[in-house]
Amino acid sequence: MLTQLFCAPDILESLYNLAANPQYIQPLREEVEKIIREEGWSKDAVANMHKIDSFMKESQRMDGIGLVNMVRKAMKDVTFSDGTVIPKGTFVVMATQLMHRDDEFYDDPEVFNPFRFADMRAEDNTDMKHQFSTISPEYLVFGYGRHACPGRFLAATTLNTMLAHLVLSYDVKLEDNATRPRNLRIGTAISANPTARIMLRRRVA
């Protein structure tokens, strides 16, 4: 149930990004078709869809589900080495959206670059470091450390599978002269607009 609640707004964010950037549909589709043709539908096959994975991760980097993450409460007074004191009972959060759009961590952070992480994988010649489900101090969608979301692997596989199926089975675009639907903000929460309209057409095999 928790995975379903997490996945619903996330796949909607990615669907809006796809509709607003239709030039990326074909390269995503070609990747999915090639891998399915060679490996069929399986967890390992989905894991090899680096562009799909990158598209999902970049969508979450740009928007995510909140302005902040990793909410913690100080159970006692905490004093840092620089003298900063966090009194007992204080809530502390990480400003994740600001971090995810910081040019100290990402090139052109305000630009939606759906293959950003796939390119980083290829450049670094590493398979794990830039995966959607991988946690790091620069990418906090799933939290960090020992309290990071334990369901992130299932969530990432589910979302990637959904996106792969969408690009394989449908053409997607915005309505004429429309722009990407704006997100809703409720307090620190971010949500894809649930009433926005996009156009989908089932592909004919």
# chains A, B, ... in the order shown; residues from 1 in each chain; ligands from 1
>>> residues_around(residues="Ala118 in chain A", least_positions_apart="3", cutoff="9 Å", atoms="only C-alpha atoms", output="number ranges by chain")
A: 50-55, 114-115, 121-123, 130-131
>>> residues_around(residues="range 18-29 of chain A", least_positions_apart="6", cutoff="9 Å", atoms="only C-alpha atoms", output="MDAnalysis selection string")
chainID A and resid 49 51:52 55 114 164 167:168 171:174 178:181 198:200
>>> select_by_dssp(residues="chain A", states="strand (DSSP E or B)", output="PyMOL selection string")
chain A and resi 66+69-73+78-79+85-86+91-94+136+139+170-174+184-186+189-191+198-202
>>> closest_atom_pairs(of="range 115-194 of chain A", to="range 71-83 of chain A", cutoff="12 Å", atoms="only C-alpha atoms", output="tab-separated table")
residue	atom	partner	partner_atom	distance
A:Leu140	CA	A:Val71	CA	11.8
A:Gly143	CA	A:Val71	CA	9.5
A:Tyr144	CA	A:Val71	CA	11.4
A:His147	CA	A:Arg72	CA	10.8
A:Ala148	CA	A:Val71	CA	11.7
A:Thr188	CA	A:Val71	CA	11.4
>>> write_last_selection(atoms="N, CA and C atoms", output="CSV table (one decimal), in the first residue's frame")
chain,number,residue,atom,x,y,z
A,140,LEU,N,18.3,12.9,-2.2
A,140,LEU,CA,17.7,12.5,-1.0
A,140,LEU,C,16.2,12.1,-1.1
A,143,GLY,N,15.6,9.5,1.2
A,143,GLY,CA,16.3,9.6,2.5
A,143,GLY,C,17.8,9.2,2.3
A,144,TYR,N,18.4,9.0,3.5
A,144,TYR,CA,19.8,8.6,3.5
A,144,TYR,C,20.2,7.9,4.8
A,147,HIS,N,18.4,4.9,7.9
A,147,HIS,CA,16.9,5.0,7.9
A,147,HIS,C,16.4,5.4,6.5
A,148,ALA,N,17.1,5.2,5.5
A,148,ALA,CA,16.7,5.4,4.1
A,148,ALA,C,15.5,4.4,3.8
A,188,THR,N,4.8,21.9,2.8
A,188,THR,CA,6.0,21.5,2.2
A,188,THR,C,5.9,20.3,1.2
>>> closest_residue(among="A:Glu175, A:Asp44, A:Ser59, A:Ile186", to="Asn113 in chain A", atoms="only C-alpha atoms")
A:Ser59
>>> closest_residue(among="A:Phe112, A:Lys129, A:Leu15, A:Ala156", to="Lys43 in chain A", atoms="only C-alpha atoms")
A:Ala156
